[in-house]
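Data block below; observations after.
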There are 4 protein chains.
Amino acid sequence: MAVDLNSNVGESFGVWRRGDDPAMLRIVSSANVACGFHGGDPATLRSACTAAVAHRVTIGAQVSYPDLAGFGRRFLDITGSDLRDAVLYQLGALDAFAQVAGSEVDYVKPHGALYHAAIDNITHAEAIVAAAVEYDPSLAILGHPDSELLKAAERAGLEAIPEAYVDRAYQPDGRLVPRSEPGAQIADPGEAAARAVRLALNGEVVTTDGELITVRARSLCVRGETAEAVAVASAVRQALEGEGVGLYAFCG
Amino acid sequence: MAVDLNSNVGESFGVWRRGDDPAMLRIVSSANVACGFHGGDPATLRSACTAAVAHRVTIGAQVSYPDLAGFGRRFLDITGSDLRDAVLYQLGALDAFAQVAGSEVDYVKPHGALYHAAIDNITHAEAIVAAAVEYDPSLAILGHPDSELLKAAERAGLEAIPEAYVDRAYQPDGRLVPRSEPGAQIADPGEAAARAVRLALNGEVVTTDGELITVRARSLCVRGETAEAVAVASAVRQALEGEGVGLYAFCG
Amino acid sequence: MAVDLNSNVGESFGVWRRGDDPAMLRIVSSANVACGFHGGDPATLRSACTAAVAHRVTIGAQVSYPDLAGFGRRFLDITGSDLRDAVLYQLGALDAFAQVAGSEVDYVKPHGALYHAAIDNITHAEAIVAAAVEYDPSLAILGHPDSELLKAAERAGLEAIPEAYVDRAYQPDGRLVPRSEPGAQIADPGEAAARAVRLALNGEVVTTDGELITVRARSLCVRGETAEAVAVASAVRQALEGEGVGLYAFCG
Amino acid sequence: MAVDLNSNVGESFGVWRRGDDPAMLRIVSSANVACGFHGGDPATLRSACTAAVAHRVTIGAQVSYPDLAGFGRRFLDITGSDLRDAVLYQLGALDAFAQVAGSEVDYVKPHGALYHAAIDNITHAEAIVAAAVEYDPSLAILGHPDSELLKAAERAGLEAIPEAYVDRAYQPDGRLVPRSEPGAQIADPGEAAARAVRLALNGEVVTTDGELITVRARSLCVRGETAEAVAVASAVRQALEGEGVGLYAFCG
């Protein structure tokens, strides 16, 4: 029994640091590396890819709307073709660093507002997939279960990987509680670890209503940037391994 | 007898158009495509690469300092490692579009202030070459004759291609008259064509002093963005072919 | 009888030119000057303000979502407080140039996607007005008739100025035909002039359905960036004056 | 006996935090607020100005080259007129927030590479002063003693305020040890406090050579962004007050 554990890295920009990439890359199996559009300057992309390769972590492109000031967390009503081109640009840029580090980009995961848009917005979902297909049809797509993104990936013949969040609260409808609401994030390592085990073993998560819902996930996501992120990720990995659930990347 | 003819394309940004890429790509043999750091958004990169492939024009990466507001024409005192990473980022981004269009990036030419810096500034010259070597050691480097850039390329085992400008005035020391000075640019198609022929056949150009100097060039550059650019480029090509000088890309 | 005639200026950025500001500023009575967030670099703001003052044209701040790559034409789901602060930043920046030129910013008009959002989106409408009230309660707000923007301006005690477009097609519901649709723009100077006269004298415009609708406007807008913009604006002004309708700024 | 104590604030950008502005603003008498060109988004400018006013701290505009990715720490070879306009833009933008908070911008201090350039580079020094004179001739200029910046300020009739750094090492020539060199920064609160007292009482600082040099300063600068910044600033203020040196802003 095994599952993938993914997290965001490479989100520093210039003098501004964000997250502890080296520590996280010792824990996770897949790294969603920022590509410069919401965070991540070229030097950060290099160090993130180099560290990922050193720890045998699979590299994914965490593509975003072009919105550094908003960290990609604001919906942008960009056309499908402009979004496709923006994703392709990010894919190529990151892949240069991945290749120079001795690896390659193996999957695509949209970031922030684009992640949430791609659940329902077919145009944006298809734009992400179109760029991936053009660039490398062996790329996998990592996203929300049952999202338009994963449906578009399947239609295009790409591997579609559903994921669950171990440290984000779920609404009864299976969506994440928006980051702006209280209780959206689970900071307690023990609670996150317990949720991770339940997700891995039973494909279940307790919603804000107290109800159990099914979340089929081939990858579990832990946040990378908070003060407690490394402690949470460590606890999650330890708990999974304690239950006999090994970590392995879904691709790469 | 043959020579390469190169020009800048892909320098539009958003609503702002610059140059007539489709017309220029029917004339030149090599296209220096902007990569987004001084001009060129993702959609522009796509259309420039697609048109280059349609006209069998070799694609080069016109890499720049990160300075959209200054169009890359202002020296930036960036560290060598940050510049290397900025160049690698641009190379990867453009190559994605080149590959999707059915080609690839075959050479690197620095733009604007970086072009001029790389004549003397060893750190910046070596940073450009370092990124090229890392990314693809079969990349050629296009630059000013006898520049530190071409020397660094040779030391690194890359093909170094010296170029001459057919529509820019030369100082007696073999450098270009700065763009800000009167007479820096030659707008008359006939004069540019005559200079092109002389450069191709004799490796000579008349400087602002009226003296003849030797400029060894394997590629001739014509500007791409001015009102008269297409007329100049057409006249140059016609004059060269009239003298039996064929156009062919130095690589690709 | 008199009306205001407004147009966008100051939208160049770096090497990229847009519109013929000096020519337009000889024709209009109010200038919507870009503030750097969708177009307009500091040097452009200076020259636009200087020319506006030279021609006794009232200066307005054409505020935008922060989106240079999209020219402010893409809706951005920014929070009300971030939008208010973005508008305040733009107001202050432009006002510096207006004051140095010997004038001041007298009104605010949202640009592009923000203009259209502010018709219905109360949060964004109120954010624009909040920044204006904070900065200078004597600022007027220029916008679409019956929009949430103008309602918010009135609630806040600001002068609310409804405007009509002389060279854009109207839908039967009184909205502009989206720029992306065929027939959205009226390029013929004579047709634009006739519409301007009808708007000024009767407050009427013919929609795409062929029906007459009422558009109460205290200002008429002519586009500033197209090839035919100056000819259209000239024809409009001449026709208005020929009918005895003088041009005067609604404020300033 | 009294001296001014200044520090940088408002340098956060989007999700990226930098420094503890509220804590620093309880300690210093003058705040160099970033204006968005090297750090500081509109919301950050607002909160910095609001907190400065709450703590009766004078607001200065910390103007920079346009270089967010490099945090304004890289020399940019911008023309004098473009720099003047960039400074004016920043001044106006920040002043909007200062005024809305109930204060105003009272002085200008260049940031990072612009600070160092303005020691020797007359063009850049004069550009900063030109913008200040245009905007408000009652603005003071804060800078390095004997710099071209302060000379230009004096020529223009502006108040020129020389400053010294309490937590940066000095070279024998009176310049700061570059940030990239070891020992450039003094992290020990006690050592910084002792240097501050010596600077305030005797106008002296010990250089890296161990020699005493004279540094005439009307303001002392403490860094604002490091982990130890608040402890250093507190120790400096306490030590100054213990020696009977009161803190007061040089203007405002």
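Within each chain, counting starts at residue 1; across the structure tokens, chains are named A, B, ... in the order shown, with ligands numbered 1 upward in that order.
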- Message: If the cut-off is 7 Å, can you tell me the residues of chain A near chain B, counting only C-alpha atoms? I'd like them as a list of chain:residue names.
- Response: A:Pro42, A:Ala43, A:Asp82, A:Asp85, A:Ala86, A:Leu88, A:Tyr89, A:Gln90, A:Gly92, A:Ala93, A:Asp95, A:Ala96, A:Val100, A:Glu134, A:Tyr135
- Message: Residues of region 134-230 of chain A classed as strand (DSSP E or B) by DSSP on the backbone are to be reported as an NGL selection string.
- Response: :A and (140-143 or 159-165 or 168 or 170 or 176 or 185 or 204-207 or 212-214 or 219-221)
- Got a sec to tell me which of region 51-249 of chain D DSSP assigns to helix (DSSP H, G or I), as an MDAnalysis selection string? chainID D and resid 51:54 80:100 112:120 122:135 148:155 189:202 229:242
Shell of 8 Å around Glu126 (chain A), only C-alpha atoms, local chain residues under 4 positions omitted, as a PDB file with all heavy atoms, in the first residue's frame:
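Listed below is the output, around.pdb:
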ATOM      1  N   GLY A  80      -8.854  31.413 -23.126  1.00  0.00           N
ATOM      2  CA  GLY A  80      -8.282  30.074 -23.150  1.00  0.00           C
ATOM      3  C   GLY A  80      -6.953  30.029 -23.878  1.00  0.00           C
ATOM      4  O   GLY A  80      -6.005  29.376 -23.422  1.00  0.00           O
ATOM      5  N   ILE A 122     -14.457  25.018 -17.756  1.00  0.00           N
ATOM      6  CA  ILE A 122     -13.968  24.092 -18.789  1.00  0.00           C
ATOM      7  C   ILE A 122     -12.910  24.761 -19.659  1.00  0.00           C
ATOM      8  O   ILE A 122     -11.906  24.145 -20.041  1.00  0.00           O
ATOM      9  CB  ILE A 122     -15.138  23.578 -19.662  1.00  0.00           C
ATOM     10  CG1 ILE A 122     -16.139  22.808 -18.781  1.00  0.00           C
ATOM     11  CG2 ILE A 122     -14.618  22.658 -20.753  1.00  0.00           C
ATOM     12  CD1 ILE A 122     -17.291  22.213 -19.551  1.00  0.00           C
ATOM     13  N   ALA A 130      -4.324  21.521 -22.728  1.00  0.00           N
ATOM     14  CA  ALA A 130      -3.823  21.722 -24.100  1.00  0.00           C
ATOM     15  C   ALA A 130      -2.332  22.020 -24.101  1.00  0.00           C
ATOM     16  O   ALA A 130      -1.577  21.499 -24.932  1.00  0.00           O
ATOM     17  CB  ALA A 130      -4.595  22.861 -24.776  1.00  0.00           C
ATOM     18  N   LEU A 149     -10.768  19.758 -14.834  1.00  0.00           N
ATOM     19  CA  LEU A 149      -9.366  19.587 -15.193  1.00  0.00           C
ATOM     20  C   LEU A 149      -9.032  18.114 -15.423  1.00  0.00           C
ATOM     21  O   LEU A 149      -8.450  17.749 -16.456  1.00  0.00           O
ATOM     22  CB  LEU A 149      -8.470  20.153 -14.087  1.00  0.00           C
ATOM     23  CG  LEU A 149      -6.978  19.983 -14.320  1.00  0.00           C
ATOM     24  CD1 LEU A 149      -6.516  20.812 -15.502  1.00  0.00           C
ATOM     25  CD2 LEU A 149      -6.180  20.347 -13.062  1.00  0.00           C
ATOM     26  N   ALA A 152     -10.804  16.778 -18.488  1.00  0.00           N
ATOM     27  CA  ALA A 152     -10.147  17.216 -19.723  1.00  0.00           C
ATOM     28  C   ALA A 152      -8.853  16.433 -19.948  1.00  0.00           C
ATOM     29  O   ALA A 152      -8.512  16.082 -21.087  1.00  0.00           O
ATOM     30  CB  ALA A 152      -9.856  18.713 -19.664  1.00  0.00           C
ATOM     31  N   ALA A 153      -8.133  16.161 -18.869  1.00  0.00           N
ATOM     32  CA  ALA A 153      -6.899  15.379 -18.996  1.00  0.00           C
ATOM     33  C   ALA A 153      -7.211  13.997 -19.550  1.00  0.00           C
ATOM     34  O   ALA A 153      -6.533  13.506 -20.466  1.00  0.00           O
ATOM     35  CB  ALA A 153      -6.206  15.282 -17.636  1.00  0.00           C
TER      36      ALA A 153
END
- Task: With a distance cut-off of 7 Å and only C-alpha atoms, select the neighbouring residues of region 214-231 of chain C, excluding the residue or stretch itself and same-chain residues fewer than 2 positions from it, and output the selection as a count of residues only.
- Result: 28
- Task: Could you give me, as a list of chain:residue names, the residues within 7 Å of region 190-192 of chain A, counting only C-alpha atoms and dropping anything in the same chain fewer than 2 positions from it?
- Result: A:Val166, A:Asp167, A:Ile186, A:Asp188, A:Ala194, A:Arg195, A:Ala196, A:Val232, A:Ala235, A:Val236
- Between A:Gly102, A:Pro110, A:Pro182, A:Gly10, which has the minimum distance to Pro22 (chain A) (counting only C-alpha atoms)? A:Gly10
- Could you check how far CA of Asp146 (chain B) sits from CA of Asn121 (chain B), in Å to one decimal? 12.5 Å
- What lies within 12 Å of Leu68 (chain A) using only C-alpha atoms, ignoring chain neighbours under 3 positions off, as a count of residues only? 28
- Find the residues around Gly246 (chain C) up to 12 Å (only C-alpha atoms counted), leave out those fewer than 6 positions away in its own chain, and share them as JSON, numbers by chain. {"C": [1, 2, 3, 4, 5, 27, 28, 29, 197, 200, 201, 219, 236, 237, 238, 239, 240]}
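The space separating CA of Phe250 (chain D) from CA of Ala125 (chain D) comes to 20.8 Å.
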